[in-house]
>>> print(open('input-v4.cif').read())   # mmCIF, C-alpha atoms and all ligand atoms
data_structure
#
loop_
_atom_site.label_atom_id
_atom_site.label_comp_id
_atom_site.auth_asym_id
_atom_site.auth_seq_id
_atom_site.Cartn_x
_atom_site.Cartn_y
_atom_site.Cartn_z
CA MET C 28 145.28 88.00 67.43
CA SER C 29 144.42 89.36 63.97
CA SER C 30 146.86 91.89 62.55
CA ALA C 31 143.98 94.40 62.43
CA LYS C 32 143.38 94.03 66.19
CA LYS C 33 147.11 94.46 66.84
CA ASN C 34 147.43 97.50 64.58
CA TYR C 35 144.30 99.48 65.38
CA SER C 36 143.22 100.35 68.90
CA ARG C 37 140.16 102.10 67.41
CA ILE C 38 138.63 101.33 64.02
CA THR C 39 138.00 104.42 61.90
CA THR C 40 137.03 104.81 58.26
CA ASN C 41 140.71 105.62 57.56
CA ALA C 42 141.80 102.41 59.29
CA LEU C 43 139.39 100.44 57.07
CA HIS C 44 140.84 102.08 53.97
CA LYS C 45 144.36 101.12 55.10
CA MET C 46 143.21 97.56 55.80
CA LYS C 47 142.02 97.25 52.20
CA GLN C 48 145.30 98.65 50.87
CA GLN C 49 147.31 96.21 53.00
CA GLY C 50 145.10 93.22 52.19
CA ASP C 51 143.90 92.87 55.82
CA LYS C 52 140.41 91.37 55.72
CA ILE C 53 137.65 93.23 57.59
CA ALA C 54 135.33 91.34 59.98
CA MET C 55 131.84 92.76 60.51
CA LEU C 56 128.83 91.43 62.44
CA THR C 57 125.47 92.82 63.42
CA ALA C 58 124.55 93.60 67.02
CA TYR C 59 121.52 95.25 68.56
CA ASP C 60 122.12 95.30 72.32
CA PHE C 61 124.69 96.28 74.97
CA THR C 62 125.67 92.81 76.22
CA LEU C 63 126.37 91.07 72.91
CA ALA C 64 127.94 94.20 71.38
CA GLY C 65 130.41 94.34 74.29
CA ILE C 66 131.33 90.67 73.84
CA ILE C 67 132.00 90.93 70.11
CA ASP C 68 133.85 94.25 70.46
CA LYS C 69 136.26 92.70 72.97
CA ALA C 70 136.60 89.63 70.74
CA GLY C 71 138.08 91.86 68.02
CA ILE C 72 135.29 92.52 65.53
CA ASP C 73 136.18 95.50 63.29
CA ILE C 74 132.73 96.84 62.39
CA ILE C 75 129.44 96.42 64.24
CA LEU C 76 126.38 96.95 62.09
CA VAL C 77 123.20 97.89 63.92
CA GLY C 78 121.26 96.39 61.04
CA ASP C 79 117.60 96.80 60.27
CA SER C 80 117.69 92.98 60.44
CA ALA C 81 116.73 93.79 64.05
CA SER C 82 113.25 93.95 62.54
CA ASN C 83 113.56 90.19 61.86
CA VAL C 84 115.71 88.71 64.61
CA ILE C 85 114.74 91.00 67.50
CA ALA C 86 111.17 92.09 66.71
CA GLY C 87 110.03 89.00 64.78
CA HIS C 88 108.77 90.78 61.66
CA GLU C 89 108.85 88.94 58.35
CA THR C 90 110.73 91.79 56.61
CA THR C 91 112.97 94.72 57.54
CA LEU C 92 110.35 97.27 56.49
CA PRO C 93 108.43 97.84 59.76
CA ILE C 94 111.33 98.90 62.02
CA THR C 95 111.25 102.61 62.86
CA LEU C 96 113.92 105.27 63.21
CA ASP C 97 113.25 105.54 66.97
CA GLN C 98 113.70 101.77 67.34
CA MET C 99 116.98 101.82 65.36
CA ILE C 100 118.25 104.67 67.55
CA TYR C 101 117.36 102.71 70.71
CA HIS C 102 119.33 99.67 69.48
CA ALA C 103 122.24 101.80 68.25
CA ALA C 104 122.59 103.72 71.53
CA SER C 105 122.61 100.41 73.45
CA VAL C 106 125.41 99.10 71.20
CA VAL C 107 127.47 102.30 71.33
CA ARG C 108 127.49 102.23 75.17
CA ALA C 109 129.36 98.90 75.01
CA ILE C 110 131.99 99.72 72.40
CA GLU C 111 135.68 100.52 72.89
CA ARG C 112 137.18 99.61 69.52
CA ALA C 113 134.76 98.75 66.71
CA LEU C 114 133.29 101.20 64.20
CA VAL C 115 129.51 101.32 64.70
CA VAL C 116 127.41 101.64 61.54
CA VAL C 117 123.62 102.03 61.69
CA ASP C 118 121.07 101.24 58.97
CA LEU C 119 118.74 104.05 57.98
CA PRO C 120 115.42 102.17 58.10
CA PHE C 121 112.93 101.95 55.24
CA GLY C 122 110.99 105.15 54.68
CA THR C 123 113.46 107.51 56.33
CA TYR C 124 115.59 108.46 53.30
CA GLN C 125 113.81 107.59 50.05
CA ALA C 126 111.31 110.49 49.88
CA ASP C 127 113.86 113.29 49.63
CA SER C 128 117.42 114.13 50.54
CA LYS C 129 116.48 116.60 53.31
CA GLU C 130 114.52 113.93 55.13
CA ALA C 131 117.46 111.54 54.63
CA LEU C 132 119.83 114.03 56.23
CA ARG C 133 117.45 114.66 59.14
CA SER C 134 117.23 110.88 59.74
CA ALA C 135 121.02 110.45 59.60
CA ILE C 136 121.56 113.38 61.97
CA ARG C 137 119.11 111.91 64.49
CA ILE C 138 121.01 108.60 64.41
CA MET C 139 124.40 110.26 64.89
CA LYS C 140 123.23 112.70 67.61
CA GLU C 141 120.96 110.41 69.61
CA SER C 142 122.96 107.16 69.45
CA GLY C 143 126.59 108.29 69.22
CA ALA C 144 127.20 105.91 66.27
CA HIS C 145 130.00 106.54 63.79
CA ALA C 146 128.35 106.06 60.38
CA VAL C 147 125.13 105.18 58.58
CA LYS C 148 124.26 102.66 55.87
CA LEU C 149 121.71 103.15 53.07
CA GLU C 150 120.44 100.62 50.54
CA GLY C 151 120.66 101.54 46.86
CA GLY C 152 122.66 103.30 44.14
CA GLU C 153 121.86 106.02 41.60
CA LYS C 154 118.23 106.40 42.78
CA ILE C 155 119.30 107.61 46.23
CA LYS C 156 122.45 109.46 45.14
CA ASP C 157 121.06 112.86 46.24
CA SER C 158 120.30 111.59 49.73
CA ILE C 159 123.75 110.03 50.14
CA GLU C 160 125.47 113.17 48.87
CA ARG C 161 123.57 115.42 51.28
CA ILE C 162 124.43 113.17 54.23
CA LEU C 163 128.09 113.07 53.21
CA LYS C 164 128.19 116.87 52.87
CA ALA C 165 127.08 117.11 56.50
CA GLY C 166 130.21 115.17 57.48
CA ILE C 167 128.48 111.86 58.20
CA PRO C 168 130.30 108.76 56.88
CA VAL C 169 128.13 106.58 54.64
CA MET C 170 128.37 102.87 53.86
CA GLY C 171 126.56 101.81 50.68
CA HIS C 172 124.60 98.56 50.20
CA LEU C 173 124.05 96.99 46.77
CA GLY C 174 122.89 93.66 45.36
CA LEU C 175 120.11 92.10 47.40
CA THR C 176 118.69 95.07 49.29
CA PRO C 177 116.05 93.64 51.66
CA GLN C 178 114.14 96.92 51.97
CA SER C 179 113.13 96.37 48.30
CA ILE C 180 111.90 92.81 48.84
CA TYR C 181 108.40 93.56 47.55
CA LYS C 182 109.92 94.89 44.32
CA PHE C 183 112.25 91.87 43.90
CA GLY C 184 109.59 89.38 45.05
CA THR C 185 112.25 86.94 46.25
CA TYR C 186 115.45 86.77 48.35
CA THR C 187 117.33 84.96 45.57
CA VAL C 188 120.81 85.88 44.24
CA ARG C 189 120.89 89.26 42.46
CA ALA C 190 122.79 90.50 39.38
CA ARG C 191 123.24 87.14 37.63
CA GLU C 192 122.22 88.80 34.36
CA ASP C 193 124.62 91.13 32.58
CA GLU C 194 122.40 94.22 32.64
CA GLU C 195 121.91 94.15 36.42
CA ALA C 196 125.60 93.31 36.93
CA GLN C 197 126.65 96.34 34.85
CA THR C 198 124.29 98.62 36.80
CA LEU C 199 125.67 97.29 40.09
CA LEU C 200 129.26 97.93 38.99
CA LYS C 201 128.34 101.46 37.87
CA ASP C 202 126.56 102.11 41.18
CA ALA C 203 129.59 100.90 43.16
CA LYS C 204 131.90 103.26 41.24
CA MET C 205 129.44 106.12 41.78
CA LEU C 206 129.28 105.43 45.54
CA GLU C 207 133.08 105.50 45.70
CA GLU C 208 133.24 108.70 43.65
CA ILE C 209 130.79 110.64 45.83
CA GLY C 210 132.64 109.62 49.01
CA CYS C 211 131.15 106.50 50.64
CA PHE C 212 133.77 104.82 52.84
CA ALA C 213 132.71 101.21 52.12
CA ILE C 214 130.02 99.14 50.40
CA VAL C 215 128.14 96.02 51.47
CA LEU C 216 127.44 93.62 48.59
CA GLU C 217 124.69 91.15 49.43
CA LYS C 218 123.98 87.85 47.67
CA ILE C 219 125.57 88.34 44.25
CA PRO C 220 127.85 86.03 42.20
CA ALA C 221 131.39 85.80 43.62
CA LYS C 222 132.97 86.72 40.26
CA LEU C 223 131.00 89.97 40.09
CA ALA C 224 131.86 90.85 43.70
CA GLN C 225 135.54 90.25 42.92
CA LYS C 226 135.30 92.58 39.92
CA VAL C 227 133.70 95.29 42.05
CA ALA C 228 136.33 94.90 44.79
CA GLN C 229 139.08 95.26 42.19
CA SER C 230 137.42 98.25 40.54
CA VAL C 231 137.09 100.51 43.58
CA SER C 232 139.55 101.62 46.25
CA ILE C 233 137.05 101.54 49.13
CA PRO C 234 136.46 98.31 51.12
CA ILE C 235 133.83 95.90 49.80
CA ILE C 236 132.18 93.85 52.55
CA GLY C 237 130.36 90.78 51.32
CA ILE C 238 127.46 88.69 52.57
CA GLY C 239 126.91 85.79 50.21
CA ALA C 240 129.29 87.50 47.77
CA GLY C 241 132.23 85.09 47.83
CA ASP C 242 135.75 85.27 49.19
CA ALA C 243 137.42 87.74 46.82
CA VAL C 244 136.16 90.85 48.62
CA ASP C 245 137.73 92.91 51.41
CA GLY C 246 135.66 91.66 54.31
CA GLN C 247 132.63 89.67 55.40
CA VAL C 248 129.47 90.44 57.36
CA LEU C 249 126.91 88.08 58.91
CA VAL C 250 123.89 88.57 61.10
CA MET C 251 125.12 87.61 64.58
CA HIS C 252 122.00 85.64 65.53
CA ASP C 253 122.48 83.50 62.40
CA MET C 254 126.21 82.80 62.84
CA LEU C 255 125.70 81.93 66.52
CA GLY C 256 122.96 79.47 65.55
CA MET C 257 120.19 81.23 67.47
CA THR C 258 118.01 81.21 64.37
CA LYS C 259 117.16 77.79 62.96
CA GLU C 260 115.01 78.05 59.85
CA PHE C 261 117.19 80.55 57.95
CA SER C 262 119.86 78.46 56.19
CA PRO C 263 121.22 80.09 53.04
CA ARG C 264 124.35 78.57 51.46
CA PHE C 265 126.53 81.52 52.53
CA LEU C 266 125.76 81.13 56.26
CA ARG C 267 128.36 79.40 58.45
CA ARG C 268 127.06 78.65 61.94
CA TYR C 269 129.83 78.84 64.56
CA LEU C 270 127.59 77.68 67.42
CA ASN C 271 124.26 76.01 67.92
CA LEU C 272 122.97 78.41 70.56
CA HIS C 273 119.35 77.62 69.74
CA ASP C 274 119.71 74.08 71.10
CA GLN C 275 122.15 75.05 73.87
CA ILE C 276 119.78 77.72 75.21
CA SER C 277 116.81 75.41 74.86
CA ASN C 278 118.61 72.63 76.79
CA ALA C 279 119.74 75.06 79.52
CA VAL C 280 116.23 76.45 79.99
CA ASN C 281 114.78 72.95 80.01
CA GLN C 282 117.22 71.90 82.75
CA TYR C 283 116.54 75.09 84.77
CA THR C 284 112.79 74.49 84.57
CA LYS C 285 113.24 70.91 85.78
CA ASP C 286 115.51 72.06 88.65
CA VAL C 287 113.02 74.70 89.81
CA LYS C 288 110.08 72.32 89.66
CA SER C 289 111.95 69.50 91.42
CA GLY C 290 113.35 71.80 94.13
CA HIS C 291 117.00 71.27 93.01
CA PHE C 292 117.43 75.02 92.44
CA PRO C 293 118.47 76.87 94.52
CA ASN C 294 120.68 74.64 96.68
CA ALA C 295 122.10 75.51 100.10
CA ASP C 296 125.04 77.48 98.62
CA GLU C 297 122.77 79.53 96.39
CA GLN C 298 120.86 81.33 99.17
CA TYR C 299 121.49 83.81 102.02
O1 LIG E 301 120.46 94.60 58.32
C1 LIG E 301 121.42 93.85 58.16
O2 LIG E 301 121.72 92.99 59.01
C2 LIG E 301 122.24 94.01 56.96
C3 LIG E 301 123.27 92.96 56.70
C4 LIG E 301 122.64 91.72 56.20
C5 LIG E 301 124.33 93.45 55.79
O3 LIG E 301 122.04 94.92 56.23
#
>>> encode(input="input-v4.cif", output="structure tokens")
Amino acid sequence: MSSAKKNYSRITTNALHKMKQQGDKIAMLTAYDFTLAGIIDKAGIDIILVGDSASNVIAGHETTLPITLDQMIYHAASVVRAIERALVVVDLPFGTYQADSKEALRSAIRIMKESGAHAVKLEGGEKIKDSIERILKAGIPVMGHLGLTPQSIYKFGTYTVRAREDEEAQTLLKDAKMLEEIGCFAIVLEKIPAKLAQKVAQSVSIPIIGIGAGDAVDGQVLVMHDMLGMTKEFSPRFLRRYLNLHDQISNAVNQYTKDVKSGHFPNADEQY
């Protein structure tokens, strides 16, 4: 059992802060439904992110942009119903916080009220400072997200590593300090050089959770469908697959289909 699971019967933003201070690494995964969220909560995951990656792995869109606030709330409420220990963080989807800070607050309030989640995550730094501040003032915990921010994919043009150049690295570091200063409880750093992520983690007192950001940060996050091997084509260097569920599910369904067609399912014990 991890020391975090032993020490915290319920993960709060304060618990995450303590974990950083004590050097206890934070484990975070995405989930979008009741059944899988319940399994990973009982297995000891610290943070569950109801990510807008649902747009990709659940809905089959090419990007995270199409998913709506109503759809995120549906996924988040399903996850929250399964949770006993993990902190549940929900992505504010594209188009629900960039226009102005009042709309951002309204979106965050809908997520908190209608799903029962514990915090929200927004992509970006200085440009969305007003929105983050307004949400924080309403008492809603905010997780930041810097580096590769998939909602800006059409601006970047590519999913390649961000902040390799000094200017972008300096801006990222400044944004991270700003997010800490205004009161975010943690920051996700996606796909940036490990050295830069280490510098950020050492420069702020709030937990830094990395995805493709090396090992010198305070925790790691992966998309659950990727780490369980349900997705096949997506194979970035940072992804470790712990299972090959794609092939296991495919084999199981193939066998079931054969059994049904051949009359081997159900057998005498499997009927009334
Ligand atoms: O939506 C998501 O799954 C995310 C993670 C990749 C951090 O934002």
>>> closest_residue(input="input-v4.cif", among="C:Gln49, C:Thr258, C:Asn294, C:Thr176", to="ligand LIG 301 (chain E)", atoms="only C-alpha atoms and all ligand atoms")
C:Thr176
>>> residues_near_ligand(input="input-v4.cif", ligand="ligand LIG 301 (chain E)", cutoff="7 Å", atoms="all atoms listed in the file", output="NGL selection string")
:C and (57 or 76 or 78-81 or 118 or 215 or 217 or 238 or 248-250)
>>> residues_around(input="input-v4.cif", residues="region 187-190 of chain C", least_positions_apart="4", cutoff="9 Å", atoms="all atoms listed in the file", output="short mmCIF file (atom, residue, chain, number, x, y, z; two decimals) with C-alpha atoms, in the coordinates of the input")
data_model
loop_
_atom_site.label_atom_id
_atom_site.label_comp_id
_atom_site.auth_asym_id
_atom_site.auth_seq_id
_atom_site.Cartn_x
_atom_site.Cartn_y
_atom_site.Cartn_z
CA GLY C 174 122.89 93.66 45.36
CA LEU C 175 120.11 92.10 47.40
CA PHE C 183 112.25 91.87 43.90
CA GLU C 194 122.40 94.22 32.64
CA GLU C 195 121.91 94.15 36.42
CA ALA C 196 125.60 93.31 36.93
CA GLN C 197 126.65 96.34 34.85
CA THR C 198 124.29 98.62 36.80
CA LEU C 199 125.67 97.29 40.09
CA GLU C 217 124.69 91.15 49.43
CA LYS C 218 123.98 87.85 47.67
CA ILE C 219 125.57 88.34 44.25
CA PRO C 220 127.85 86.03 42.20
CA LEU C 223 131.00 89.97 40.09
CA GLY C 239 126.91 85.79 50.21
#
>>> atom_distance(input="input-v4.cif", atom1="CA of Ile138 (chain C)", atom2="CA of Ile100 (chain C)")
5.7 Å
>>> residues_around(input="input-v4.cif", residues="Asp245 (chain C)", least_positions_apart="2", cutoff="7 Å", atoms="all atoms listed in the file", output="ChimeraX atom specification")
/C:47,52-53,234-236,243
>>> residues_around(input="input-v4.cif", residues="Glu207 (chain C)", least_positions_apart="2", cutoff="12 Å", atoms="only C-alpha atoms", output="PyMOL selection string")
chain C and resi 44+152-153+156+159-160+163+168-172+200-205+209-214+227-228+230-235
>>> build_atoms(input="input-v4.cif", residues="region 60-82 of chain C", atoms="N, CA, C and O atoms", output="PDB file, keeping the file's coordinate frame")
ATOM      1  N   ASP C  60     122.270  95.055  70.881  1.00  0.00           N
ATOM      2  CA  ASP C  60     122.120  95.300  72.320  1.00  0.00           C
ATOM      3  C   ASP C  60     123.491  95.429  72.986  1.00  0.00           C
ATOM      4  O   ASP C  60     124.524  95.034  72.429  1.00  0.00           O
ATOM      5  N   PHE C  61     123.480  95.961  74.213  1.00  0.00           N
ATOM      6  CA  PHE C  61     124.690  96.280  74.970  1.00  0.00           C
ATOM      7  C   PHE C  61     125.542  95.031  75.259  1.00  0.00           C
ATOM      8  O   PHE C  61     126.749  95.023  75.023  1.00  0.00           O
ATOM      9  N   THR C  62     124.904  93.971  75.737  1.00  0.00           N
ATOM     10  CA  THR C  62     125.670  92.810  76.220  1.00  0.00           C
ATOM     11  C   THR C  62     126.416  92.111  75.081  1.00  0.00           C
ATOM     12  O   THR C  62     127.629  91.882  75.171  1.00  0.00           O
ATOM     13  N   LEU C  63     125.709  91.783  74.015  1.00  0.00           N
ATOM     14  CA  LEU C  63     126.370  91.070  72.910  1.00  0.00           C
ATOM     15  C   LEU C  63     127.346  91.986  72.167  1.00  0.00           C
ATOM     16  O   LEU C  63     128.409  91.534  71.728  1.00  0.00           O
ATOM     17  N   ALA C  64     127.017  93.270  72.048  1.00  0.00           N
ATOM     18  CA  ALA C  64     127.940  94.200  71.380  1.00  0.00           C
ATOM     19  C   ALA C  64     129.263  94.260  72.145  1.00  0.00           C
ATOM     20  O   ALA C  64     130.346  94.259  71.550  1.00  0.00           O
ATOM     21  N   GLY C  65     129.185  94.285  73.478  1.00  0.00           N
ATOM     22  CA  GLY C  65     130.410  94.340  74.290  1.00  0.00           C
ATOM     23  C   GLY C  65     131.253  93.086  74.108  1.00  0.00           C
ATOM     24  O   GLY C  65     132.482  93.156  74.009  1.00  0.00           O
ATOM     25  N   ILE C  66     130.601  91.930  74.029  1.00  0.00           N
ATOM     26  CA  ILE C  66     131.330  90.670  73.840  1.00  0.00           C
ATOM     27  C   ILE C  66     132.053  90.673  72.490  1.00  0.00           C
ATOM     28  O   ILE C  66     133.245  90.369  72.407  1.00  0.00           O
ATOM     29  N   ILE C  67     131.361  91.036  71.428  1.00  0.00           N
ATOM     30  CA  ILE C  67     132.000  90.930  70.110  1.00  0.00           C
ATOM     31  C   ILE C  67     133.028  92.042  69.882  1.00  0.00           C
ATOM     32  O   ILE C  67     134.001  91.852  69.165  1.00  0.00           O
ATOM     33  N   ASP C  68     132.836  93.184  70.551  1.00  0.00           N
ATOM     34  CA  ASP C  68     133.850  94.250  70.460  1.00  0.00           C
ATOM     35  C   ASP C  68     135.151  93.762  71.102  1.00  0.00           C
ATOM     36  O   ASP C  68     136.233  93.884  70.505  1.00  0.00           O
ATOM     37  N   LYS C  69     135.053  93.181  72.275  1.00  0.00           N
ATOM     38  CA  LYS C  69     136.260  92.700  72.970  1.00  0.00           C
ATOM     39  C   LYS C  69     136.896  91.517  72.238  1.00  0.00           C
ATOM     40  O   LYS C  69     138.095  91.282  72.319  1.00  0.00           O
ATOM     41  N   ALA C  70     136.077  90.780  71.495  1.00  0.00           N
ATOM     42  CA  ALA C  70     136.600  89.630  70.740  1.00  0.00           C
ATOM     43  C   ALA C  70     137.318  90.062  69.457  1.00  0.00           C
ATOM     44  O   ALA C  70     137.894  89.230  68.758  1.00  0.00           O
ATOM     45  N   GLY C  71     137.270  91.370  69.133  1.00  0.00           N
ATOM     46  CA  GLY C  71     138.080  91.860  68.020  1.00  0.00           C
ATOM     47  C   GLY C  71     137.350  92.145  66.731  1.00  0.00           C
ATOM     48  O   GLY C  71     137.989  92.343  65.689  1.00  0.00           O
ATOM     49  N   ILE C  72     136.021  92.220  66.771  1.00  0.00           N
ATOM     50  CA  ILE C  72     135.290  92.520  65.530  1.00  0.00           C
ATOM     51  C   ILE C  72     135.644  93.951  65.092  1.00  0.00           C
ATOM     52  O   ILE C  72     135.832  94.835  65.934  1.00  0.00           O
ATOM     53  N   ASP C  73     135.767  94.169  63.775  1.00  0.00           N
ATOM     54  CA  ASP C  73     136.180  95.500  63.290  1.00  0.00           C
ATOM     55  C   ASP C  73     135.001  96.463  63.151  1.00  0.00           C
ATOM     56  O   ASP C  73     135.111  97.627  63.530  1.00  0.00           O
ATOM     57  N   ILE C  74     133.900  95.972  62.580  1.00  0.00           N
ATOM     58  CA  ILE C  74     132.730  96.840  62.390  1.00  0.00           C
ATOM     59  C   ILE C  74     131.514  96.155  63.001  1.00  0.00           C
ATOM     60  O   ILE C  74     131.298  94.959  62.791  1.00  0.00           O
ATOM     61  N   ILE C  75     130.736  96.918  63.761  1.00  0.00           N
ATOM     62  CA  ILE C  75     129.440  96.420  64.240  1.00  0.00           C
ATOM     63  C   ILE C  75     128.354  97.155  63.461  1.00  0.00           C
ATOM     64  O   ILE C  75     128.329  98.393  63.428  1.00  0.00           O
ATOM     65  N   LEU C  76     127.500  96.375  62.806  1.00  0.00           N
ATOM     66  CA  LEU C  76     126.380  96.950  62.090  1.00  0.00           C
ATOM     67  C   LEU C  76     125.122  96.803  62.943  1.00  0.00           C
ATOM     68  O   LEU C  76     124.723  95.684  63.284  1.00  0.00           O
ATOM     69  N   VAL C  77     124.530  97.936  63.305  1.00  0.00           N
ATOM     70  CA  VAL C  77     123.200  97.890  63.920  1.00  0.00           C
ATOM     71  C   VAL C  77     122.251  97.830  62.728  1.00  0.00           C
ATOM     72  O   VAL C  77     121.843  98.847  62.160  1.00  0.00           O
ATOM     73  N   GLY C  78     121.996  96.607  62.283  1.00  0.00           N
ATOM     74  CA  GLY C  78     121.260  96.390  61.040  1.00  0.00           C
ATOM     75  C   GLY C  78     119.759  96.488  61.255  1.00  0.00           C
ATOM     76  O   GLY C  78     119.252  96.224  62.350  1.00  0.00           O
ATOM     77  N   ASP C  79     119.062  96.827  60.154  1.00  0.00           N
ATOM     78  CA  ASP C  79     117.600  96.800  60.270  1.00  0.00           C
ATOM     79  C   ASP C  79     117.099  95.352  60.272  1.00  0.00           C
ATOM     80  O   ASP C  79     115.896  95.100  60.404  1.00  0.00           O
ATOM     81  N   SER C  80     118.037  94.392  60.204  1.00  0.00           N
ATOM     82  CA  SER C  80     117.690  92.980  60.440  1.00  0.00           C
ATOM     83  C   SER C  80     117.187  92.799  61.869  1.00  0.00           C
ATOM     84  O   SER C  80     116.618  91.752  62.198  1.00  0.00           O
ATOM     85  N   ALA C  81     117.361  93.809  62.723  1.00  0.00           N
ATOM     86  CA  ALA C  81     116.730  93.790  64.050  1.00  0.00           C
ATOM     87  C   ALA C  81     115.221  93.594  63.910  1.00  0.00           C
ATOM     88  O   ALA C  81     114.572  93.000  64.770  1.00  0.00           O
ATOM     89  N   SER C  82     114.678  94.107  62.809  1.00  0.00           N
ATOM     90  CA  SER C  82     113.250  93.950  62.540  1.00  0.00           C
ATOM     91  C   SER C  82     112.873  92.469  62.484  1.00  0.00           C
ATOM     92  O   SER C  82     111.800  92.078  62.943  1.00  0.00           O
TER      93      SER C  82
END
